[in-house]
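Some notes on the structure that comes next.
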Amino acid sequence: MIEQYIAKSIDCSCGRTHRSRVETIEIKENVIEHELVDFLKSKGYKKLTVVCDKNTYRVAAGKVCRVLEQNQISFKLHMYQEDSVLPNEHFIGNLAMGMALDSDLILAVGSGTINDICRYVSAVACKPYCIVGTAPSMDGYISGGSALIYNNLKLTFETHTPIAVFLDPEILAHAPKDMIASGVGDLLGKINCLTDWRLSKIVNNEWHCDFISDIVDAAIQKVVTNSDNIAAGQNEAIADLVEALLLSGVCMDFAGNSRPASGCEHHMSHFLEMRYLLEGREAVFHGTKVGIGTVIALRAYEYVAKLNPDFDKIKKLPRKSFEEWEKEIRLAFLGASDEIVDLEKKSGKNSAKRLEARLAATEANWSGIKALADQTVKSKVVYDILKQLDAPTKPHEIGVPKEMARQAILYAKEIRDRYTVLQLLWDLGELERFADLIIDEYYS
Ligand SMILES: [Zn+2]
Ligand SMILES: [Zn+2]
């Protein structure tokens with residue numbers, strides 16, 4: 001399915017031309033022995049730097065090294081010895097100093113972190129890179145951005161995409177269960193992304209592409225209907241999951257931004273990730289947090305579907321001043337608050353002028369908004385699939401304290417200038433009430 005969308009331009013009825021930057025994606029058993037070797041030979045690479053950690057060496061990089069030797073392809077192995085590898089200055093510097101300077105390709109063997117490190121180092125070194133993936137844990141294999149920790153803050157650095165991705169379902173199916181569940185959580189998050197995107201089309205007349213949202217929607221359906229087999233670790237179902245995750249990556253390329261694959265469920269996840277990092281807490285998988293955020297986001301749509309707003313009253317509601325808002329932001333975002341305050345100064349997303357325009361559009365289109373909220377997938381569908389995978393479904397199950405969970409719902413919308421259901425609730429003066437409802441239920 002994915003082959004039809006890559007390595008070509010698609011003239012779309014939305015008026016744009018869509019193109020994915022990745023050229024080769026292979027999802028097949030024994031992909032290391034066959035497609036990877038064929039690719040390296042056909043491209044004529046002479047010397048590789050193979051990057052892995054102890055775990056990914058055991059599950060895939062050891063095999064990669066043996067196959068390279070058998071085919072007389074020269075390489076240098078860079079294996080991190082630490083039990084936990086982080087995408088920070090230390091590990092990036094370690095690879096930059098340890099890689100073969102004369103290598104013509106960096107080959108990452110791993111999932112999220114190893115890829116983020118290799119993507120960045122290869123971009124800085126002006127070398128191409130490709131990936132042998134080891135877990136279907138997130139949708140970022142073909143992303144052009146690296147999520148890195150710099151000065152204790154998680155930031156996205158725009159770098160480049162891999163030239164090729166190789167995935168063996170047999171290897172992926174043996175990934176730890178919580179990594180597979182994380183991939184499912186990241187993918188289920190797309191249900192909310194698509195709804196947030198449609199909502200913004202209604203309220204802000206934001207550009208929207210049916211072709212892209214149909215691809216993401218089909219990918220979601222495949223995973224939702226296949227969740228039994230994914231939970232059972234069936235190779236074919238795991239291959240479908242990773243293909244769905246890659247497709248959502250392709251769709252981000254098509255759209256030119258992350259709109260089709262990141263809505264307020266991701267913003268809540270980013271908020272928690274930032275706080276965990278600032279407080280020195282142990283990291284939680286990206287998709288695990290996204291899954292929890294998705295249940296909350298879909299609850300928000302269920303809440304919207306029941307509202308009967310009195311717009312005259314809403315327009316007269318007292319709103320916080322910038323100074324009052326900033327005070328709250330400093331308490332919620334701690335050391336990362338400068339960026340959030342700067343974004344608001346630049347975008348004015350909470351300003352009276354933008355609020356007024358959004359409220360006018362919300363009022364004029366209320367029946368369409370209500371219908372969208374009514375028709376979106378119910379939170380219980382996502383909740384049940386996460387349960388089936390023994391994945392956390394609520395913030396306290398990953399150790400999020402009550403106040404932090406409340407802040408995630410209230411302030412996630414400040415992370416990006418991207419309209420979502422949380423901004424809609426804020427506009428309607430309902431966000432605090434919604435946060436209290438969820439938090440009282442979750443933490444009682
Ligand atoms: Zn289009
Ligand atoms: Zn994600």
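Naming works like this for the structure tokens: A, B, ... for the chains as they're shown, residue 1 at the start of each chain, ligands 1 onward in shown order.
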
Just want the residues within 10 Å of ligand 1, written as a list of chain:residue names, counting only C-alpha atoms and all ligand atoms.
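Using only C-alpha atoms and all ligand atoms, I find these residues within 10 Å of ligand 1: A:Ile10, A:Asp11, A:Cys12, A:Ser13, A:Cys14, A:Gly15, A:Arg16, A:Thr17, A:His18, A:Trp207, A:His208, A:Cys209, A:Asp210, A:Phe211, A:Ile212, A:Ser213, A:Cys251, A:Phe254, A:Ala255.
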
Residues from last step as file, all heavy atoms, as a compact mmCIF listing (two decimals), in the first residue's frame:
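For reference, result.txt as written:
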# COMPACT_ATOMS: atom_id res chain seq x y z
N ILE A 10 2.40 13.75 -6.60
CA ILE A 10 0.97 13.49 -6.80
C ILE A 10 0.26 14.84 -6.91
O ILE A 10 0.27 15.65 -5.98
CB ILE A 10 0.40 12.68 -5.61
CG1 ILE A 10 1.10 11.31 -5.55
CG2 ILE A 10 -1.12 12.53 -5.73
CD1 ILE A 10 0.86 10.53 -4.27
N ASP A 11 -0.34 15.08 -8.09
CA ASP A 11 -1.12 16.30 -8.27
C ASP A 11 -2.50 16.07 -7.65
O ASP A 11 -3.26 15.24 -8.14
CB ASP A 11 -1.25 16.65 -9.76
CG ASP A 11 0.09 17.12 -10.31
OD1 ASP A 11 0.82 17.81 -9.57
OD2 ASP A 11 0.42 16.75 -11.45
N CYS A 12 -2.79 16.80 -6.61
CA CYS A 12 -3.98 16.49 -5.81
C CYS A 12 -5.13 17.44 -6.14
O CYS A 12 -4.93 18.58 -6.52
CB CYS A 12 -3.60 16.62 -4.34
SG CYS A 12 -4.92 16.18 -3.21
N SER A 13 -6.33 16.93 -5.91
CA SER A 13 -7.52 17.76 -6.17
C SER A 13 -7.62 18.93 -5.19
O SER A 13 -8.39 19.85 -5.40
CB SER A 13 -8.78 16.90 -6.10
OG SER A 13 -8.85 16.27 -4.84
N CYS A 14 -6.81 18.89 -4.12
CA CYS A 14 -6.83 20.02 -3.18
C CYS A 14 -6.09 21.23 -3.76
O CYS A 14 -6.07 22.30 -3.16
CB CYS A 14 -6.20 19.62 -1.83
SG CYS A 14 -4.41 19.51 -1.85
N GLY A 15 -5.44 21.01 -4.91
CA GLY A 15 -4.76 22.13 -5.57
C GLY A 15 -3.25 22.13 -5.33
O GLY A 15 -2.52 22.91 -5.93
N ARG A 16 -2.79 21.24 -4.45
CA ARG A 16 -1.35 21.19 -4.18
C ARG A 16 -0.74 19.95 -4.82
O ARG A 16 -1.45 19.00 -5.15
CB ARG A 16 -1.09 21.11 -2.67
CG ARG A 16 -1.49 22.37 -1.92
CD ARG A 16 -0.96 22.33 -0.51
NE ARG A 16 -1.39 23.50 0.25
CZ ARG A 16 -1.02 23.75 1.50
NH1 ARG A 16 -0.22 22.91 2.13
NH2 ARG A 16 -1.44 24.83 2.13
N THR A 17 0.56 19.97 -4.98
CA THR A 17 1.28 18.77 -5.41
C THR A 17 1.93 18.16 -4.18
O THR A 17 2.62 18.85 -3.43
CB THR A 17 2.37 19.14 -6.46
OG1 THR A 17 1.70 19.73 -7.57
CG2 THR A 17 3.12 17.91 -6.92
N HIS A 18 1.66 16.88 -3.93
CA HIS A 18 2.21 16.21 -2.74
C HIS A 18 3.39 15.34 -3.12
O HIS A 18 3.35 14.64 -4.12
CB HIS A 18 1.13 15.35 -2.08
CG HIS A 18 -0.08 16.12 -1.67
ND1 HIS A 18 0.00 17.28 -0.94
CD2 HIS A 18 -1.41 15.91 -1.90
CE1 HIS A 18 -1.24 17.74 -0.73
NE2 HIS A 18 -2.09 16.93 -1.31
N TRP A 207 -6.42 25.34 5.47
CA TRP A 207 -6.30 24.42 4.34
C TRP A 207 -6.46 22.98 4.83
O TRP A 207 -5.93 22.60 5.86
CB TRP A 207 -4.93 24.59 3.66
CG TRP A 207 -4.64 23.49 2.68
CD1 TRP A 207 -5.13 23.37 1.41
CD2 TRP A 207 -3.80 22.34 2.90
NE1 TRP A 207 -4.65 22.21 0.84
CE2 TRP A 207 -3.84 21.57 1.72
CE3 TRP A 207 -3.03 21.89 3.98
CZ2 TRP A 207 -3.13 20.38 1.58
CZ3 TRP A 207 -2.33 20.69 3.85
CH2 TRP A 207 -2.38 19.95 2.67
N HIS A 208 -7.23 22.20 4.07
CA HIS A 208 -7.47 20.79 4.44
C HIS A 208 -7.45 19.96 3.18
O HIS A 208 -7.91 20.41 2.13
CB HIS A 208 -8.84 20.69 5.14
CG HIS A 208 -9.18 19.29 5.55
ND1 HIS A 208 -9.80 18.39 4.72
CD2 HIS A 208 -8.96 18.64 6.72
CE1 HIS A 208 -9.95 17.24 5.36
NE2 HIS A 208 -9.45 17.37 6.57
N CYS A 209 -6.90 18.75 3.27
CA CYS A 209 -6.83 17.89 2.08
C CYS A 209 -7.52 16.56 2.38
O CYS A 209 -7.09 15.81 3.26
CB CYS A 209 -5.38 17.67 1.69
SG CYS A 209 -5.17 16.40 0.43
N ASP A 210 -8.59 16.26 1.63
CA ASP A 210 -9.32 15.00 1.83
C ASP A 210 -8.48 13.79 1.45
O ASP A 210 -8.57 12.75 2.09
CB ASP A 210 -10.61 15.00 0.98
CG ASP A 210 -11.66 15.92 1.57
OD1 ASP A 210 -11.59 16.17 2.79
OD2 ASP A 210 -12.53 16.39 0.81
N PHE A 211 -7.65 13.96 0.41
CA PHE A 211 -6.80 12.84 -0.03
C PHE A 211 -5.88 12.40 1.11
O PHE A 211 -5.77 11.21 1.43
CB PHE A 211 -5.98 13.33 -1.24
CG PHE A 211 -4.87 12.40 -1.67
CD1 PHE A 211 -5.17 11.19 -2.30
CD2 PHE A 211 -3.55 12.75 -1.47
CE1 PHE A 211 -4.14 10.34 -2.71
CE2 PHE A 211 -2.52 11.90 -1.88
CZ PHE A 211 -2.82 10.70 -2.50
N ILE A 212 -5.26 13.37 1.79
CA ILE A 212 -4.36 13.04 2.90
C ILE A 212 -5.14 12.45 4.08
O ILE A 212 -4.77 11.42 4.63
CB ILE A 212 -3.56 14.29 3.36
CG1 ILE A 212 -2.63 14.76 2.24
CG2 ILE A 212 -2.78 14.01 4.64
CD1 ILE A 212 -1.89 16.06 2.55
N SER A 213 -6.25 13.10 4.43
CA SER A 213 -6.97 12.58 5.60
C SER A 213 -7.57 11.22 5.33
O SER A 213 -7.67 10.39 6.24
CB SER A 213 -7.98 13.58 6.16
OG SER A 213 -8.88 13.95 5.20
N CYS A 251 2.24 11.29 5.14
CA CYS A 251 1.19 12.32 5.06
C CYS A 251 1.66 13.66 5.62
O CYS A 251 1.22 14.71 5.16
CB CYS A 251 -0.07 11.84 5.75
SG CYS A 251 -0.91 10.62 4.72
N PHE A 254 3.47 15.10 2.83
CA PHE A 254 2.51 15.57 1.84
C PHE A 254 1.95 16.94 2.24
O PHE A 254 1.79 17.83 1.43
CB PHE A 254 1.34 14.59 1.71
CG PHE A 254 1.63 13.36 0.88
CD1 PHE A 254 0.70 12.35 0.75
CD2 PHE A 254 2.85 13.21 0.23
CE1 PHE A 254 0.95 11.22 -0.01
CE2 PHE A 254 3.12 12.09 -0.54
CZ PHE A 254 2.16 11.10 -0.66
N ALA A 255 1.63 17.08 3.52
CA ALA A 255 1.00 18.32 3.99
C ALA A 255 2.02 19.44 4.18
O ALA A 255 1.68 20.61 4.22
CB ALA A 255 0.27 18.07 5.30

Can you pull out every residue within 12 Å of Gly44 in chain A, counting only C-alpha atoms, but drop anything in the same chain fewer than 5 positions away, and send it as a VMD selection string?
chain A and resid 37 to 39 73 to 74 104 to 105

Can you write out as a Markdown table which residues of range 250-332 of chain A fall within 12 Å of range 369-393 of chain A, alongside each residue's closest atom pair and its distance in Å to one decimal, counting only C-alpha atoms and ordering rows by chain and ascending residue number?
| residue | atom | partner | partner_atom | distance |
| --- | --- | --- | --- | --- |
| A:Val284 | CA | A:Pro392 | CA | 10.7 |
| A:Phe285 | CA | A:Ala391 | CA | 10.9 |
| A:Gly287 | CA | A:Ala391 | CA | 10.0 |
| A:Thr288 | CA | A:Pro392 | CA | 6.9 |
| A:Lys289 | CA | A:Pro392 | CA | 8.4 |
| A:Val290 | CA | A:Thr393 | CA | 9.7 |
| A:Gly291 | CA | A:Thr393 | CA | 6.8 |
| A:Ile292 | CA | A:Thr393 | CA | 4.9 |
| A:Gly293 | CA | A:Thr393 | CA | 8.5 |
| A:Thr294 | CA | A:Val382 | CA | 7.6 |
| A:Val295 | CA | A:Ser379 | CA | 5.1 |
| A:Ile296 | CA | A:Ser379 | CA | 7.5 |
| A:Ala297 | CA | A:Ser379 | CA | 8.0 |
| A:Leu298 | CA | A:Ser379 | CA | 5.0 |
| A:Arg299 | CA | A:Ser379 | CA | 5.8 |
| A:Ala300 | CA | A:Ala373 | CA | 8.7 |
| A:Tyr301 | CA | A:Ala373 | CA | 4.9 |
| A:Glu302 | CA | A:Ala373 | CA | 6.4 |
| A:Tyr303 | CA | A:Ala373 | CA | 8.5 |
| A:Val304 | CA | A:Ala373 | CA | 6.4 |
| A:Ala305 | CA | A:Lys370 | CA | 5.1 |
| A:Lys306 | CA | A:Lys370 | CA | 8.1 |
| A:Leu307 | CA | A:Lys370 | CA | 8.2 |
| A:Asn308 | CA | A:Lys370 | CA | 9.3 |
| A:Pro309 | CA | A:Lys370 | CA | 10.8 |

What residues have any atom no more than 10 Å from ligand 2 when counting only C-alpha atoms and all ligand atoms, and can you list them as an MDAnalysis selection string?
chainID A and resid 137:140 182:183 185:190 245 248:249 258 261:263 265:267 269:270 286:291

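The coordinates place CA of His90 in chain A at 20.7 Å from CA of Gly335 in chain A.
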
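Omitting Leu155 in chain A and its sequence neighbours fewer than 3 positions away, and counting only C-alpha atoms, the residues within 12 Å are Pro87, Asn88, Asp116, Gly145, Ser146, Ala147, Leu148, Ile149, Tyr150, Asn151, Asn152, Glu158, His270, Glu273, Met274, Leu277, Ala336, Glu339 and Ile415 of chain A.
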
Let me see the file: selected residues, N, CA, C and O atoms, as a PDB file, in the first residue's frame.
ATOM      1  N   PRO A  87      18.665  11.236  23.507  1.00  0.00           N
ATOM      2  CA  PRO A  87      19.055  12.066  22.359  1.00  0.00           C
ATOM      3  C   PRO A  87      19.586  13.422  22.829  1.00  0.00           C
ATOM      4  O   PRO A  87      19.029  14.458  22.510  1.00  0.00           O
ATOM      5  N   ASN A  88      20.673  13.414  23.593  1.00  0.00           N
ATOM      6  CA  ASN A  88      21.193  14.675  24.141  1.00  0.00           C
ATOM      7  C   ASN A  88      22.628  14.951  23.673  1.00  0.00           C
ATOM      8  O   ASN A  88      23.197  14.192  22.870  1.00  0.00           O
ATOM      9  N   ASP A 116      16.773   9.550  16.038  1.00  0.00           N
ATOM     10  CA  ASP A 116      16.881  10.999  16.238  1.00  0.00           C
ATOM     11  C   ASP A 116      18.355  11.419  16.288  1.00  0.00           C
ATOM     12  O   ASP A 116      18.734  12.455  15.735  1.00  0.00           O
ATOM     13  N   GLY A 145      12.484  15.872  11.140  1.00  0.00           N
ATOM     14  CA  GLY A 145      12.912  16.587  12.347  1.00  0.00           C
ATOM     15  C   GLY A 145      13.450  15.622  13.387  1.00  0.00           C
ATOM     16  O   GLY A 145      12.993  14.491  13.495  1.00  0.00           O
ATOM     17  N   SER A 146      14.446  16.091  14.134  1.00  0.00           N
ATOM     18  CA  SER A 146      14.988  15.293  15.235  1.00  0.00           C
ATOM     19  C   SER A 146      14.533  15.908  16.548  1.00  0.00           C
ATOM     20  O   SER A 146      14.759  17.092  16.791  1.00  0.00           O
ATOM     21  N   ALA A 147      13.901  15.089  17.406  1.00  0.00           N
ATOM     22  CA  ALA A 147      13.490  15.570  18.733  1.00  0.00           C
ATOM     23  C   ALA A 147      14.651  15.325  19.689  1.00  0.00           C
ATOM     24  O   ALA A 147      14.940  14.189  20.046  1.00  0.00           O
ATOM     25  N   LEU A 148      15.340  16.411  20.048  1.00  0.00           N
ATOM     26  CA  LEU A 148      16.569  16.272  20.839  1.00  0.00           C
ATOM     27  C   LEU A 148      16.474  17.057  22.148  1.00  0.00           C
ATOM     28  O   LEU A 148      15.723  18.018  22.255  1.00  0.00           O
ATOM     29  N   ILE A 149      17.291  16.605  23.112  1.00  0.00           N
ATOM     30  CA  ILE A 149      17.353  17.321  24.388  1.00  0.00           C
ATOM     31  C   ILE A 149      18.579  18.236  24.338  1.00  0.00           C
ATOM     32  O   ILE A 149      19.712  17.769  24.181  1.00  0.00           O
ATOM     33  N   TYR A 150      18.333  19.539  24.447  1.00  0.00           N
ATOM     34  CA  TYR A 150      19.419  20.517  24.369  1.00  0.00           C
ATOM     35  C   TYR A 150      19.262  21.462  25.557  1.00  0.00           C
ATOM     36  O   TYR A 150      18.194  22.049  25.738  1.00  0.00           O
ATOM     37  N   ASN A 151      20.297  21.554  26.381  1.00  0.00           N
ATOM     38  CA  ASN A 151      20.208  22.350  27.614  1.00  0.00           C
ATOM     39  C   ASN A 151      18.986  21.958  28.447  1.00  0.00           C
ATOM     40  O   ASN A 151      18.258  22.817  28.952  1.00  0.00           O
ATOM     41  N   ASN A 152      18.756  20.657  28.543  1.00  0.00           N
ATOM     42  CA  ASN A 152      17.642  20.104  29.329  1.00  0.00           C
ATOM     43  C   ASN A 152      16.257  20.416  28.788  1.00  0.00           C
ATOM     44  O   ASN A 152      15.266  20.235  29.477  1.00  0.00           O
ATOM     45  N   GLU A 158      15.093  20.822  12.758  1.00  0.00           N
ATOM     46  CA  GLU A 158      14.802  20.424  11.377  1.00  0.00           C
ATOM     47  C   GLU A 158      16.089  19.928  10.739  1.00  0.00           C
ATOM     48  O   GLU A 158      17.076  20.670  10.659  1.00  0.00           O
ATOM     49  N   HIS A 270       3.443  16.338  24.738  1.00  0.00           N
ATOM     50  CA  HIS A 270       4.646  17.202  24.777  1.00  0.00           C
ATOM     51  C   HIS A 270       4.756  17.909  26.130  1.00  0.00           C
ATOM     52  O   HIS A 270       5.839  18.060  26.680  1.00  0.00           O
ATOM     53  N   GLU A 273       5.976  15.443  28.668  1.00  0.00           N
ATOM     54  CA  GLU A 273       7.366  15.098  28.390  1.00  0.00           C
ATOM     55  C   GLU A 273       8.310  16.194  28.893  1.00  0.00           C
ATOM     56  O   GLU A 273       9.329  15.932  29.522  1.00  0.00           O
ATOM     57  N   MET A 274       7.886  17.446  28.622  1.00  0.00           N
ATOM     58  CA  MET A 274       8.706  18.575  29.058  1.00  0.00           C
ATOM     59  C   MET A 274       8.823  18.617  30.582  1.00  0.00           C
ATOM     60  O   MET A 274       9.901  18.772  31.127  1.00  0.00           O
ATOM     61  N   LEU A 277      11.036  15.848  31.957  1.00  0.00           N
ATOM     62  CA  LEU A 277      12.447  16.146  31.702  1.00  0.00           C
ATOM     63  C   LEU A 277      12.966  17.179  32.703  1.00  0.00           C
ATOM     64  O   LEU A 277      14.009  16.998  33.328  1.00  0.00           O
ATOM     65  N   ALA A 336      10.805  26.130  30.767  1.00  0.00           N
ATOM     66  CA  ALA A 336      10.545  26.175  29.319  1.00  0.00           C
ATOM     67  C   ALA A 336       9.537  27.274  28.973  1.00  0.00           C
ATOM     68  O   ALA A 336       9.067  27.354  27.836  1.00  0.00           O
ATOM     69  N   GLU A 339       9.778  30.261  25.827  1.00  0.00           N
ATOM     70  CA  GLU A 339       9.349  29.904  24.475  1.00  0.00           C
ATOM     71  C   GLU A 339       7.835  30.047  24.295  1.00  0.00           C
ATOM     72  O   GLU A 339       7.351  30.515  23.266  1.00  0.00           O
ATOM     73  N   ILE A 415       1.343  25.282  23.486  1.00  0.00           N
ATOM     74  CA  ILE A 415       2.608  24.779  22.953  1.00  0.00           C
ATOM     75  C   ILE A 415       2.795  25.124  21.472  1.00  0.00           C
ATOM     76  O   ILE A 415       3.901  25.319  21.000  1.00  0.00           O
TER      77      ILE A 415
END

I need the residue nearest Tyr442 in chain A from this list: A:Glu206, A:Val400, A:His34, A:Asn235. Use only C-alpha atoms for the distance.
A:Val400

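The space between CA of Cys126 in chain A and CA of Ser103 in chain A spans 10.9 Å.
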
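Using only C-alpha atoms, the contacts of Asn229 in chain A at a cut-off of 12 Å, with sequence neighbours closer than 5 positions omitted, comprise Ala173, Ile180, Lys222, Val223, Val224, Gln234, Asn235, Glu236, Ala237, Ile238, Ala239, Asp240, Leu241, Ile385, Gln388 and Leu389 of chain A.
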
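Taking the backbone of this structure through DSSP, the residues of range 85-281 of chain A that come out as strand (DSSP E) are Leu105, Ile106, Leu107, Ala108, Val109, Gly110, Tyr129, Cys130, Ile131, Val132, Gly133, Gly145, Ser146, Ala147, Leu148, Ile149, Tyr150, Leu153, Lys154, Leu155, Thr156, Phe157, Glu158, Ala164, Val165, Phe166 and Leu167 of chain A.
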
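Comparing A:Ser444, A:Thr49, A:Thr420, A:Ser122 by their smallest distance to Thr195 in chain A, the closest is A:Thr420 (using only C-alpha atoms).
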